[in-house]
Amino acid sequence: MRVGTFVLAAQFPGQGQGEALHRAVRTAEVAEEAGLDSVWLAEHHFVPYGVCPSAVTLAALLLGRTRRLRVGTAVSVLPTVHPVALGEQAALLHLTSGGRFTLGVGRGGPWVDLEVFGAGLEAYEKGFPESLDLLLRWLTEPRVGAAGERFAFREVPVVPRPDELIGGAASPEVVVACTSPKSVRLAAERGLPMLLGMHCGDEDKAEMVAAWARCAREAGRDPDEIARIAAGHVSAGVAQLADRRADAAEALVKAMPGWLRQGLDAHVTVDGRHRAMRDPVAYTELLCGLHPVGTPRLAADRLAATAERTGITRFALLAEGSGDLAATEENVRRLGAEVLPLLV
């Protein structure tokens, strides 16, 4: 079982953006010290829900600050970037980190980001498969050209070539954030593992894993290949540890609703469509019920139960839910010292 931490760089009420980013960096550094497997970095624009606008840039910093930790994006939003530019960055990090970089990609949402970066609503609604395919070609072929609806250019050489990592994988690992049957099928057909969100419970995740396997079989993949790829699925969640479950839940219920309220309310749709946002308190309570929030023993049992029910053995756990740097560092250290040994 591989347990990592999920870093949103969340700006809680009363905090500055630099403070949120400092906590994000320290969370990753402590995660390596604590023996966690990985750190996963979120990406958002123009909202305090998360103040990291470029997960791949923060990944570069953290790969330089660490020596063992795997660093992934969760996720880089494809509709607002050029797939070739992202592919070049991913190849660079793959080669210079010795293969410790994972590129997580997703479709994002219908936010004003699409207007600011000139992508347009079409890139969000219809363009994700074309962008993903171009990205994958860039990471696996020596020369690439394009003749699609959104991207068209003459053939050019891939520089740097990700397959020149000595003694390592030929390209960086790629995972796809999946929130719908369409994205599940897309990931399965491309032979990519899924990143499943923290809003989902075990039953929903198990159904998505089963649907992914079914689509992979329909795409002609053999059982061994399906099992190998499926081992890369990642389950996002929340982790908050305390000596009593009530204390762990209380720490989140006190802090998270304020952050969620200001963070989610700040999202602006590109076309003025109404977006119903979750009730912050109810959502926090839901997360406390779904994920490892409580004693170390309870946390280990919940992770083991999720693995048994879904088949997923990789976890990206949000540890900054208290909003406090010292408490976040302690939370990550307890994950390493008190939870990981129970999962062996």
# chains A, B, ... in the order shown; residues from 1 in each chain; ligands from 1

call {"tool": "residues_around", "arguments": {"residues": "segment 35-44 of chain A", "least_positions_apart": "5", "cutoff": "8 Å", "atoms": "only C-alpha atoms", "output": "MDAnalysis selection string"}}
result
chainID A and resid 2:9 28 49:55 58:59 69:77 316 335:336

call {"tool": "residues_around", "arguments": {"residues": "Leu93 of chain A", "least_positions_apart": "4", "cutoff": "12 Å", "atoms": "only C-alpha atoms", "output": "PyMOL selection string"}}
result
chain A and resi 56-64+70-73+86-89+97-103+160-162+165+171-173

call {"tool": "atom_distance", "arguments": {"atom1": "atom CA of Ala170 of chain A", "atom2": "atom CA of Val209 of chain A"}}
result
25.9 Å

call {"tool": "atom_distance", "arguments": {"atom1": "atom CA of Ala304 of chain A", "atom2": "atom CA of Glu330 of chain A"}}
result
22.1 Å

call {"tool": "select_by_dssp", "arguments": {"residues": "segment 121-246 of chain A", "states": "helix (DSSP H, G or I)", "output": "NGL selection string"}}
result
:A and (121-125 or 128-140 or 162-164 or 181-189 or 202-218 or 223-230 or 245-246)

call {"tool": "select_by_dssp", "arguments": {"residues": "segment 112-242 of chain A", "states": "strand (DSSP E)", "output": "list in words"}}
result
Arg143, Val144, Gly145, Ala146, Ala147, Ala152, Phe153, Arg154, Glu155, Val156, Pro157, Glu173, Val174, Val175, Val176, Ala177, Cys178, Met194, Leu195, Leu196, Val234, Ser235, Ala236, Gly237, Val238, Gln240 and Leu241 of chain A

call {"tool": "decode", "arguments": {"residues": "segment 262-273 of chain A", "atoms": "N, CA, C and O atoms", "output": "PDB file, in the first residue's frame"}}
result
ATOM      1  N   GLN A 262     -15.480  30.179   1.393  1.00  0.00           N
ATOM      2  CA  GLN A 262     -14.881  31.260   0.610  1.00  0.00           C
ATOM      3  C   GLN A 262     -14.214  30.732  -0.659  1.00  0.00           C
ATOM      4  O   GLN A 262     -14.196  31.408  -1.691  1.00  0.00           O
ATOM      5  N   GLY A 263     -13.713  29.517  -0.597  1.00  0.00           N
ATOM      6  CA  GLY A 263     -13.025  28.959  -1.762  1.00  0.00           C
ATOM      7  C   GLY A 263     -13.964  28.566  -2.876  1.00  0.00           C
ATOM      8  O   GLY A 263     -13.741  28.888  -4.049  1.00  0.00           O
ATOM      9  N   LEU A 264     -15.041  27.860  -2.520  1.00  0.00           N
ATOM     10  CA  LEU A 264     -15.990  27.410  -3.543  1.00  0.00           C
ATOM     11  C   LEU A 264     -16.831  28.562  -4.082  1.00  0.00           C
ATOM     12  O   LEU A 264     -17.154  28.599  -5.268  1.00  0.00           O
ATOM     13  N   ASP A 265     -17.169  29.506  -3.209  1.00  0.00           N
ATOM     14  CA  ASP A 265     -17.968  30.644  -3.659  1.00  0.00           C
ATOM     15  C   ASP A 265     -17.213  31.533  -4.644  1.00  0.00           C
ATOM     16  O   ASP A 265     -17.834  32.295  -5.408  1.00  0.00           O
ATOM     17  N   ALA A 266     -15.879  31.441  -4.647  1.00  0.00           N
ATOM     18  CA  ALA A 266     -15.084  32.307  -5.513  1.00  0.00           C
ATOM     19  C   ALA A 266     -15.029  31.820  -6.958  1.00  0.00           C
ATOM     20  O   ALA A 266     -14.598  32.559  -7.839  1.00  0.00           O
ATOM     21  N   HIS A 267     -15.470  30.586  -7.220  1.00  0.00           N
ATOM     22  CA  HIS A 267     -15.459  30.075  -8.584  1.00  0.00           C
ATOM     23  C   HIS A 267     -16.475  30.830  -9.453  1.00  0.00           C
ATOM     24  O   HIS A 267     -17.630  31.005  -9.056  1.00  0.00           O
ATOM     25  N   VAL A 268     -16.038  31.252 -10.618  1.00  0.00           N
ATOM     26  CA  VAL A 268     -16.889  31.983 -11.555  1.00  0.00           C
ATOM     27  C   VAL A 268     -16.949  31.196 -12.859  1.00  0.00           C
ATOM     28  O   VAL A 268     -15.907  30.834 -13.428  1.00  0.00           O
ATOM     29  N   THR A 269     -18.151  30.911 -13.347  1.00  0.00           N
ATOM     30  CA  THR A 269     -18.282  30.167 -14.602  1.00  0.00           C
ATOM     31  C   THR A 269     -18.023  31.085 -15.793  1.00  0.00           C
ATOM     32  O   THR A 269     -18.305  32.284 -15.748  1.00  0.00           O
ATOM     33  N   VAL A 270     -17.500  30.521 -16.864  1.00  0.00           N
ATOM     34  CA  VAL A 270     -17.122  31.307 -18.023  1.00  0.00           C
ATOM     35  C   VAL A 270     -18.335  31.823 -18.792  1.00  0.00           C
ATOM     36  O   VAL A 270     -18.271  32.884 -19.436  1.00  0.00           O
ATOM     37  N   ASP A 271     -19.449  31.107 -18.696  1.00  0.00           N
ATOM     38  CA  ASP A 271     -20.628  31.477 -19.478  1.00  0.00           C
ATOM     39  C   ASP A 271     -21.822  31.872 -18.619  1.00  0.00           C
ATOM     40  O   ASP A 271     -22.941  31.974 -19.109  1.00  0.00           O
ATOM     41  N   GLY A 272     -21.585  32.100 -17.327  1.00  0.00           N
ATOM     42  CA  GLY A 272     -22.658  32.540 -16.443  1.00  0.00           C
ATOM     43  C   GLY A 272     -23.596  31.459 -15.984  1.00  0.00           C
ATOM     44  O   GLY A 272     -24.587  31.742 -15.301  1.00  0.00           O
ATOM     45  N   ARG A 273     -23.326  30.207 -16.329  1.00  0.00           N
ATOM     46  CA  ARG A 273     -24.216  29.120 -15.894  1.00  0.00           C
ATOM     47  C   ARG A 273     -24.216  29.002 -14.379  1.00  0.00           C
ATOM     48  O   ARG A 273     -23.206  29.283 -13.716  1.00  0.00           O
TER      49      ARG A 273
END
